[in-house]
>>> print(open('my_file07.pdb').read())   # PDB, C-alpha atoms and all ligand atoms
ATOM      1  CA  MET N 935      15.578  -0.074   0.284
ATOM      2  CA  GLY N 936      16.271   0.501  -3.448
ATOM      3  CA  GLU N 937      12.837  -0.677  -4.527
ATOM      4  CA  VAL N 938       9.688   1.329  -5.085
ATOM      5  CA  LEU N 939       6.538   0.466  -3.149
ATOM      6  CA  LYS N 940       3.099   1.410  -4.429
ATOM      7  CA  PHE N 941      -0.261   1.339  -2.699
ATOM      8  CA  HIS N 942      -3.589   1.979  -4.380
ATOM      9  CA  PHE N 943      -6.945   2.677  -2.718
ATOM     10  CA  ASP N 944     -10.439   3.347  -3.958
ATOM     11  CA  VAL N 945     -11.980   5.876  -1.628
ATOM     12  CA  ASP N 946     -15.729   5.417  -1.278
ATOM     13  CA  GLY N 947     -17.642   8.689  -1.489
ATOM     14  CA  GLU N 948     -20.855   7.348  -0.005
ATOM     15  CA  ASN N 949     -19.444   6.228   3.237
ATOM     16  CA  PHE N 950     -18.491   8.884   5.764
ATOM     17  CA  SER N 951     -17.943   6.288   8.375
ATOM     18  CA  SER N 952     -15.131   4.461   6.603
ATOM     19  CA  ALA N 953     -13.467   7.743   5.643
ATOM     20  CA  GLY N 954      -9.861   7.785   6.752
ATOM     21  CA  GLU N 955      -9.419   4.061   6.265
ATOM     22  CA  ALA N 956      -6.802   4.337   3.513
ATOM     23  CA  SER N 957      -4.762   6.688   5.683
ATOM     24  CA  VAL N 958      -4.874   4.247   8.585
ATOM     25  CA  VAL N 959      -3.682   1.413   6.304
ATOM     26  CA  VAL N 960      -0.829   3.527   4.917
ATOM     27  CA  LYS N 961       0.285   4.478   8.405
ATOM     28  CA  LYS N 962       0.404   0.806   9.413
ATOM     29  CA  LYS N 963       2.534   0.000   6.335
ATOM     30  CA  LEU N 964       4.922   2.852   7.098
ATOM     31  CA  ARG N 965       5.299   1.628  10.640
ATOM     32  CA  GLN N 966       6.094  -1.883   9.401
ATOM     33  CA  LEU N 967       8.668  -0.359   7.058
ATOM     34  CA  GLY N 968      10.314   1.357  10.022
ATOM     35  CA  PHE N 969       9.675   5.014   9.183
ATOM     36  CA  SER N 970      10.177   7.638  11.913
ATOM     37  CA  PRO N 971       7.210   8.916  13.942
ATOM     38  CA  ASP N 972       7.659  12.333  12.333
ATOM     39  CA  ILE N 973       7.345  10.971   8.784
ATOM     40  CA  MET N 974       4.386   8.775   9.762
ATOM     41  CA  ARG N 975       2.643  11.729  11.370
ATOM     42  CA  ARG N 976       3.130  14.026   8.391
ATOM     43  CA  VAL N 977       1.994  11.412   5.866
ATOM     44  CA  SER N 978      -1.005  10.542   8.067
ATOM     45  CA  ILE N 979      -2.215  14.127   8.441
ATOM     46  CA  ALA N 980      -1.749  15.002   4.767
ATOM     47  CA  MET N 981      -3.347  11.853   3.451
ATOM     48  CA  TYR N 982      -6.212  11.843   5.937
ATOM     49  CA  GLU N 983      -7.186  15.423   5.088
ATOM     50  CA  GLY N 984      -7.011  14.714   1.364
ATOM     51  CA  GLU N 985      -8.952  11.491   1.706
ATOM     52  CA  ILE N 986     -11.690  13.191   3.738
ATOM     53  CA  ASN N 987     -11.912  16.039   1.237
ATOM     54  CA  MET N 988     -12.544  13.534  -1.544
ATOM     55  CA  VAL N 989     -15.337  11.969   0.512
ATOM     56  CA  ILE N 990     -17.081  15.124   1.698
ATOM     57  CA  HIS N 991     -16.526  17.408  -1.279
ATOM     58  CA  ALA N 992     -16.097  15.108  -4.282
ATOM     59  CA  ASP N 993     -17.987  11.826  -3.929
ATOM     60  CA  GLY N 994     -14.832   9.761  -3.479
ATOM     61  CA  GLY N 995     -11.889   9.019  -5.734
ATOM     62  CA  THR N 996      -8.589   7.186  -5.724
ATOM     63  CA  ALA N 997      -5.481   7.453  -3.584
ATOM     64  CA  ASP N 998      -2.051   6.316  -4.752
ATOM     65  CA  VAL N 999       0.938   6.277  -2.461
ATOM     66  CA  THR N1000       4.457   5.673  -3.755
ATOM     67  CA  VAL N1001       7.416   5.145  -1.472
ATOM     68  CA  ASP N1002      10.934   5.290  -2.879
ATOM     69  CA  ASP N1003      14.345   6.000  -1.388
ATOM     70  CA  ASN N1004      13.963   9.759  -1.549
ATOM     71  CA  GLU N1005      10.328  10.585  -0.932
ATOM     72  CA  ILE N1006       6.777   9.504  -0.268
ATOM     73  CA  THR N1007       4.331  10.702  -2.921
ATOM     74  CA  ILE N1008       0.574  10.837  -2.365
ATOM     75  CA  VAL N1009      -1.717  11.392  -5.360
ATOM     76  CA  LEU N1010      -5.434  11.898  -4.672
ATOM     77  CA  LYS N1011      -7.660  11.987  -7.696
ATOM     78  CA  ASP N1012     -11.385  12.637  -7.908
ATOM     79  CA  ARG N1013     -14.049  13.438 -10.463
ATOM     80  CA  GLY N1014     -15.896  15.785  -8.159
ATOM     81  CA  PRO N1015     -17.061  19.356  -8.760
ATOM     82  CA  GLY N1016     -13.550  20.837  -8.810
ATOM     83  CA  ILE N1017     -12.307  23.872  -6.865
ATOM     84  CA  PRO N1018     -13.184  27.193  -8.566
ATOM     85  CA  ASP N1019     -10.633  29.272  -6.643
ATOM     86  CA  VAL N1020      -7.728  27.233  -5.326
ATOM     87  CA  SER N1021      -5.979  30.093  -3.515
ATOM     88  CA  LEU N1022      -9.215  30.895  -1.675
ATOM     89  CA  ALA N1023      -9.697  27.230  -0.781
ATOM     90  CA  MET N1024      -6.136  27.170   0.605
ATOM     91  CA  GLN N1025      -6.916  29.911   3.131
ATOM     92  CA  GLU N1026      -7.230  28.813   6.744
ATOM     93  CA  GLY N1027     -10.882  28.793   7.770
ATOM     94  CA  TYR N1028     -12.359  28.771   4.256
ATOM     95  CA  SER N1029     -14.913  25.990   3.908
ATOM     96  CA  THR N1030     -17.988  25.270   1.830
ATOM     97  CA  ALA N1031     -19.023  22.345   4.067
ATOM     98  CA  CYS N1032     -22.759  22.269   4.815
ATOM     99  CA  ASP N1033     -24.253  22.015   8.319
ATOM    100  CA  ASN N1034     -24.737  18.295   7.946
ATOM    101  CA  ILE N1035     -20.999  17.799   7.300
ATOM    102  CA  ARG N1036     -20.054  20.249  10.041
ATOM    103  CA  SER N1037     -22.072  18.294  12.568
ATOM    104  CA  LEU N1038     -19.701  15.381  11.888
ATOM    105  CA  GLY N1039     -16.718  17.525  12.902
ATOM    106  CA  PHE N1040     -15.545  18.640   9.464
ATOM    107  CA  GLY N1041     -15.553  22.103   7.963
ATOM    108  CA  ALA N1042     -12.917  23.976   9.968
ATOM    109  CA  GLY N1043     -11.337  24.931   6.666
ATOM    110  CA  MET N1044      -8.034  23.548   7.891
ATOM    111  CA  GLY N1045      -7.634  20.473   5.692
ATOM    112  CA  LEU N1046      -5.835  21.989   2.721
ATOM    113  CA  PRO N1047      -3.682  24.278   4.946
ATOM    114  CA  ASN N1048      -2.695  21.238   7.028
ATOM    115  CA  MET N1049      -1.792  19.311   3.871
ATOM    116  CA  LYS N1050       0.440  22.170   2.756
ATOM    117  CA  LYS N1051       2.005  22.600   6.188
ATOM    118  CA  TYR N1052       2.934  18.959   6.687
ATOM    119  CA  THR N1053       4.321  18.194   3.216
ATOM    120  CA  ASP N1054       7.384  19.411   1.332
ATOM    121  CA  PHE N1055       5.512  19.816  -1.940
ATOM    122  CA  MET N1056       1.843  20.162  -2.760
ATOM    123  CA  GLN N1057       0.134  20.831  -6.055
ATOM    124  CA  ILE N1058      -3.586  21.103  -6.763
ATOM    125  CA  ASP N1059      -4.797  20.583 -10.324
ATOM    126  CA  SER N1060      -8.485  21.251 -10.429
ATOM    127  CA  GLU N1061     -10.998  21.947 -13.129
ATOM    128  CA  VAL N1062     -14.591  22.887 -12.351
ATOM    129  CA  GLY N1063     -16.951  20.146 -13.469
ATOM    130  CA  VAL N1064     -14.088  17.728 -14.191
ATOM    131  CA  GLY N1065     -12.339  16.978 -10.916
ATOM    132  CA  THR N1066      -9.369  17.570  -8.685
ATOM    133  CA  THR N1067      -5.953  15.960  -8.410
ATOM    134  CA  VAL N1068      -3.843  16.721  -5.369
ATOM    135  CA  THR N1069      -0.186  15.677  -5.442
ATOM    136  CA  MET N1070       1.863  15.805  -2.260
ATOM    137  CA  LYS N1071       5.448  14.807  -1.511
ATOM    138  CA  ILE N1072       7.241  14.234   1.739
ATOM    139  CA  LYS N1073      11.017  14.046   1.517
ATOM    140  CA  LEU N1074      12.887  11.327   3.329
ATOM    141  CA  ASN N1075      16.200  12.180   5.058
TER     142      ASN N1075
ATOM    143  CA  MET C1079       0.194  12.678  34.197
ATOM    144  CA  LEU C1080      -1.403   9.665  35.860
ATOM    145  CA  PHE C1081      -4.946   8.571  35.061
ATOM    146  CA  SER C1082      -5.243   7.239  38.596
ATOM    147  CA  ASP C1083      -5.259  10.869  39.831
ATOM    148  CA  LEU C1084      -8.271  11.618  37.623
ATOM    149  CA  THR C1085     -10.418   8.508  37.416
ATOM    150  CA  ASP C1086     -12.548   9.268  40.484
ATOM    151  CA  LYS C1087     -12.690  13.033  40.068
ATOM    152  CA  LEU C1088     -13.904  12.682  36.460
ATOM    153  CA  SER C1089     -15.907   9.491  37.094
ATOM    154  CA  LEU C1090     -14.029   8.039  34.149
ATOM    155  CA  PHE C1091     -15.523   4.958  32.635
ATOM    156  CA  PRO C1092     -13.784   2.846  29.974
ATOM    157  CA  VAL C1093     -15.952   2.441  26.861
ATOM    158  CA  VAL C1094     -13.333   0.667  24.760
ATOM    159  CA  GLY C1095     -10.052  -0.674  26.139
ATOM    160  CA  GLU C1096      -8.719  -0.169  29.637
ATOM    161  CA  ILE C1097      -7.828   3.090  31.333
ATOM    162  CA  PRO C1098      -4.108   3.507  30.582
ATOM    163  CA  ASP C1099      -1.531   4.404  33.241
ATOM    164  CA  SER C1100      -0.651   7.858  31.993
ATOM    165  CA  PHE C1101      -0.733  10.502  29.298
ATOM    166  CA  GLU C1102       1.369  13.473  28.322
ATOM    167  CA  GLY C1103      -0.456  16.681  27.339
ATOM    168  CA  VAL C1104      -4.108  17.398  26.549
ATOM    169  CA  TYR C1105      -6.040  18.657  23.553
ATOM    170  CA  ALA C1106      -9.718  19.602  23.814
ATOM    171  CA  GLY C1107     -11.732  20.291  20.681
ATOM    172  CA  ASP C1108     -14.189  18.842  18.204
ATOM    173  CA  LEU C1109     -13.151  20.057  14.778
ATOM    174  CA  LEU C1110     -11.373  17.075  13.300
ATOM    175  CA  SER C1111      -8.855  18.813  11.065
ATOM    176  CA  ARG C1112      -7.837  20.983  14.028
ATOM    177  CA  ALA C1113      -7.507  17.954  16.274
ATOM    178  CA  MET C1114      -5.642  16.078  13.545
ATOM    179  CA  SER C1115      -2.846  18.638  13.558
ATOM    180  CA  ARG C1116      -2.868  19.465  17.279
ATOM    181  CA  VAL C1117      -3.196  16.117  19.061
ATOM    182  CA  GLU C1118       0.294  14.744  19.652
ATOM    183  CA  ALA C1119       1.271  11.141  20.290
ATOM    184  CA  GLY C1120       0.571  10.244  23.912
ATOM    185  CA  ASN C1121      -1.914  13.102  24.403
ATOM    186  CA  LEU C1122      -5.311  12.885  25.988
ATOM    187  CA  TRP C1123      -7.978  14.143  23.558
ATOM    188  CA  ILE C1124     -11.254  15.444  24.994
ATOM    189  CA  THR C1125     -14.188  15.789  22.602
ATOM    190  CA  ILE C1126     -17.940  15.463  22.264
ATOM    191  CA  MET C1127     -17.663  13.945  18.774
ATOM    192  CA  ASN C1128     -18.687  10.314  18.720
ATOM    193  CA  ASN C1129     -18.423   9.064  15.133
ATOM    194  CA  MET C1130     -15.934   6.911  13.234
ATOM    195  CA  ASN C1131     -13.813   9.879  12.325
ATOM    196  CA  VAL C1132     -12.863  10.295  15.975
ATOM    197  CA  VAL C1133     -11.360   6.827  15.845
ATOM    198  CA  ALA C1134      -9.426   7.628  12.658
ATOM    199  CA  VAL C1135      -7.989  10.819  14.164
ATOM    200  CA  ALA C1136      -7.122   9.126  17.481
ATOM    201  CA  SER C1137      -5.445   6.300  15.601
ATOM    202  CA  LEU C1138      -3.464   8.524  13.230
ATOM    203  CA  THR C1139      -2.327  10.894  15.984
ATOM    204  CA  GLU C1140      -1.586   8.051  18.432
ATOM    205  CA  ALA C1141      -3.475   9.727  21.229
ATOM    206  CA  ALA C1142      -3.098   7.906  24.567
ATOM    207  CA  ALA C1143      -6.872   7.981  24.975
ATOM    208  CA  VAL C1144     -10.015   9.843  23.994
ATOM    209  CA  ILE C1145     -12.411  11.146  26.641
ATOM    210  CA  LEU C1146     -15.981  11.609  25.441
ATOM    211  CA  ALA C1147     -17.364  14.464  27.529
ATOM    212  CA  GLU C1148     -20.953  15.152  28.625
ATOM    213  CA  GLY C1149     -21.707  11.442  28.753
ATOM    214  CA  VAL C1150     -21.767  11.250  24.957
ATOM    215  CA  GLN C1151     -22.144   7.690  23.669
ATOM    216  CA  LEU C1152     -19.845   6.331  20.977
ATOM    217  CA  MET C1153     -21.715   5.310  17.805
ATOM    218  CA  PRO C1154     -21.835   1.497  17.455
ATOM    219  CA  GLU C1155     -19.684   1.352  14.305
ATOM    220  CA  ALA C1156     -17.174   3.712  15.906
ATOM    221  CA  GLU C1157     -17.036   1.482  18.961
ATOM    222  CA  ALA C1158     -16.298  -1.522  16.767
ATOM    223  CA  ALA C1159     -13.580   0.395  14.919
ATOM    224  CA  ALA C1160     -12.019   1.577  18.193
ATOM    225  CA  ARG C1161     -11.844  -2.037  19.358
ATOM    226  CA  GLU C1162     -10.292  -3.170  16.106
ATOM    227  CA  ASN C1163      -7.691  -0.396  16.158
ATOM    228  CA  ASN C1164      -6.928  -0.666  19.889
ATOM    229  CA  ILE C1165      -8.055   2.883  20.583
ATOM    230  CA  THR C1166      -8.832   3.614  24.205
ATOM    231  CA  VAL C1167     -12.100   5.518  24.595
ATOM    232  CA  LEU C1168     -13.223   6.749  28.013
ATOM    233  CA  SER C1169     -16.373   8.505  29.023
ATOM    234  CA  SER C1170     -17.179  11.188  31.592
ATOM    235  CA  ASP C1171     -20.456  12.925  32.375
ATOM    236  CA  LEU C1172     -18.637  16.207  32.992
ATOM    237  CA  SER C1173     -18.435  18.968  30.393
ATOM    238  CA  VAL C1174     -15.242  19.634  28.447
ATOM    239  CA  TYR C1175     -14.673  22.710  30.607
ATOM    240  CA  GLU C1176     -15.099  20.795  33.860
ATOM    241  CA  ILE C1177     -12.804  18.007  32.684
ATOM    242  CA  CYS C1178     -10.109  20.517  31.754
ATOM    243  CA  ARG C1179     -10.559  22.366  35.035
ATOM    244  CA  VAL C1180     -10.084  19.159  37.035
ATOM    245  CA  ILE C1181      -7.029  18.148  35.001
ATOM    246  CA  GLY C1182      -5.601  21.641  35.453
ATOM    247  CA  SER C1183      -6.071  21.561  39.212
ATOM    248  CA  VAL C1184      -4.563  18.079  39.554
ATOM    249  CA  ASP C1185      -1.682  19.135  37.307
ATOM    250  CA  LYS C1186      -0.831  22.009  39.618
ATOM    251  CA  GLY C1187      -1.274  19.776  42.639
ATOM    252  CA  LEU C1188      -4.065  21.993  43.967
TER     253      LEU C1188
HETATM  254  N1  LIG S1201     -11.377  17.351  -3.563
HETATM  255  C1  LIG S1201     -12.114  18.477  -3.535
HETATM  256  N2  LIG S1201     -13.088  18.673  -4.455
HETATM  257  C2  LIG S1201     -13.839  19.809  -4.450
HETATM  258  N3  LIG S1201     -13.679  20.796  -3.538
HETATM  259  C3  LIG S1201     -12.712  20.658  -2.607
HETATM  260  C4  LIG S1201     -11.892  19.493  -2.557
HETATM  261  N4  LIG S1201     -11.012  19.648  -1.529
HETATM  262  C5  LIG S1201     -11.290  20.828  -0.971
HETATM  263  N5  LIG S1201     -12.310  21.460  -1.617
HETATM  264  C6  LIG S1201     -12.857  22.804  -1.323
HETATM  265  O1  LIG S1201     -11.905  23.550  -0.592
HETATM  266  C7  LIG S1201     -12.475  23.966   0.655
HETATM  267  C8  LIG S1201     -11.392  23.977   1.732
HETATM  268  O2  LIG S1201     -10.933  22.640   1.975
HETATM  269  P1  LIG S1201     -10.322  22.279   3.416
HETATM  270  O3  LIG S1201      -9.970  20.852   3.433
HETATM  271  O4  LIG S1201      -9.238  23.253   3.731
HETATM  272  O5  LIG S1201     -11.532  22.590   4.413
HETATM  273  P2  LIG S1201     -12.857  21.733   4.681
HETATM  274  O6  LIG S1201     -12.716  20.389   4.069
HETATM  275  O7  LIG S1201     -14.023  22.546   4.246
HETATM  276  O8  LIG S1201     -12.847  21.634   6.268
HETATM  277  P3  LIG S1201     -11.842  20.709   7.163
HETATM  278  O9  LIG S1201     -10.829  20.108   6.241
HETATM  279  O10 LIG S1201     -11.210  21.652   8.145
HETATM  280  O11 LIG S1201     -12.715  19.702   7.822
HETATM  281  C9  LIG S1201     -13.603  23.002   0.906
HETATM  282  O12 LIG S1201     -14.581  23.520   1.785
HETATM  283  C10 LIG S1201     -14.134  22.770  -0.519
HETATM  284  O13 LIG S1201     -14.930  23.850  -0.922
HETATM  285 MG    MG S1202     -11.040  19.240   4.421
END
>>> encode(input="my_file07.pdb", output="structure tokens")
Amino acid sequence: MGEVLKFHFDVDGENFSSAGEASVVVKKKLRQLGFSPDIMRRVSIAMYEGEINMVIHADGGTADVTVDDNEITIVLKDRGPGIPDVSLAMQEGYSTACDNIRSLGFGAGMGLPNMKKYTDFMQIDSEVGVGTTVTMKIKLN
Amino acid sequence: MLFSDLTDKLSLFPVVGEIPDSFEGVYAGDLLSRAMSRVEAGNLWITIMNNMNVVAVASLTEAAAVILAEGVQLMPEAEAAARENNITVLSSDLSVYEICRVIGSVDKGL
């Protein structure tokens, strides 16, 4: 390929029903670009979980996806409440989702663990009251 | 596994799309981030969730079809999204347990 592809999305925090849209668009692009099912699956899961977290926990944000010869990088940035204890949030089953959110099918506390599991690199930079930036990388080849 | 072996026993009804020929493997569950990591391409996913997020998960995982159990109705905007994304959504009045039991018995040829 040799060139770098970039995709930018504004993720609406009001709208639960369109949540996941950016992930669906990225998956379509990756398919057009001829990526393997395994890569598409891993990018889809990681990005979907991050996108949903921005909607349900942080009032939306932005998603930037960069594809180069070596890796796919996903950066999710929000100005939400931040995560006070990142290692606690990373534990399987930990969730602060309210009943309302749970009734929509969220709140298993598996989003962040899934993101970690399906990517080669994941970093969470979060400050309470300022926001959260999640950076994930999936290596190609 | 062939849908034709199940359609009558489950009283399957297509809500969006047509009943496909076959699927490979089943996942039953409603928590989306669980389903997201457990539903494999070509699987049948059985759930009672009926909102847009079901369509996103089915699309991203490439499930062969979704069965809405207990006669649950798909929300209108989710139905529109399923159509747009070519997601097959089927409905059955049976419970998740009963659907799984029937699939299990057909699978074993009982
Ligand atoms: N972008 C974010 N901003 C603020 N808090 C977050 C953010 N992402 C995650 N969290 C916090 O971390 C917790 C764990 O997140 P995780 O995605 O693992 O689970 P969940 O979103 O609660 O449930 P699930 O993802 O299984 O539907 C959340 O409940 C929330 O408290
Ligand atoms: Mg989550």
>>> closest_residue(input="my_file07.pdb", among="N:Val1062, N:Met1056, N:Leu967, N:Met1044", to="chain C", atoms="all atoms listed in the file")
N:Met1044
>>> residues_around(input="my_file07.pdb", residues="Leu1084 of chain C", least_positions_apart="3", cutoff="9 Å", atoms="all atoms listed in the file", output="PyMOL selection string")
chain C and resi 1080-1081+1087-1090+1180-1181+1184
>>> resolve_selection(input="my_file07.pdb", expression="the PyMOL selection byres ((chain N) within 12 of (chain C))", output="PyMOL selection string")
chain N and resi 949-962+964-965+971-987+1026-1027+1029+1035-1052
>>> atom_distance(input="my_file07.pdb", atom1="atom CA of Ser1100 of chain C", atom2="atom CA of Asp1086 of chain C")
14.7 Å
>>> resolve_selection(input="my_file07.pdb", expression="the PyMOL selection byres (((chain C and resi 1096) around 9) and not hetatm)", output="ChimeraX atom specification")
/C:1092-1095,1097-1098,1166-1168
>>> residues_around(input="my_file07.pdb", residues="Ala992 of chain N", least_positions_apart="5", cutoff="9 Å", atoms="only C-alpha atoms", output="list in words")
Gly947, Asn987, Asp1012, Arg1013, Gly1014, Pro1015, Gly1016, Gly1065 and Thr1066 of chain N
>>> resolve_selection(input="my_file07.pdb", expression="the PyMOL selection byres (((chain C and resi 1103-1105) around 7) and not hetatm)", output="JSON, numbers by chain")
{"C": [1101, 1102, 1106, 1107, 1117, 1121, 1122, 1123, 1124]}
>>> atom_distance(input="my_file07.pdb", atom1="atom CA of Leu1010 of chain N", atom2="atom CA of Met988 of chain N")
7.9 Å
>>> axis_aligned_box(input="my_file07.pdb", around="segment 1089-1107 of chain C", padding_each_side="4 Å", output="lines of an AutoDock Vina configuration file")
center_x = -7.3
center_y = 9.8
center_z = 28.9
size_x = 25.3
size_y = 29.0
size_z = 24.4
>>> closest_residue(input="my_file07.pdb", among="N:Ser1060, N:Thr996, N:Ile990, N:Gly936", to="Ile1008 of chain N", atoms="all atoms listed in the file")
N:Thr996
>>> closest_residue(input="my_file07.pdb", among="N:Val1064, N:Met1070, N:Leu939, N:Met1024", to="ligand LIG 1201 (chain S)", atoms="only C-alpha atoms and all ligand atoms")
N:Met1024
>>> closest_residue(input="my_file07.pdb", among="N:Ser1021, N:Thr1030, N:Asn1004, N:Thr1069", to="ligand MG 1202 (chain S)", atoms="all atoms listed in the file")
N:Thr1030
>>> atom_distance(input="my_file07.pdb", atom1="atom O3 of ligand LIG 1201 (chain S)", atom2="atom CA of His942 of chain N")
21.4 Å
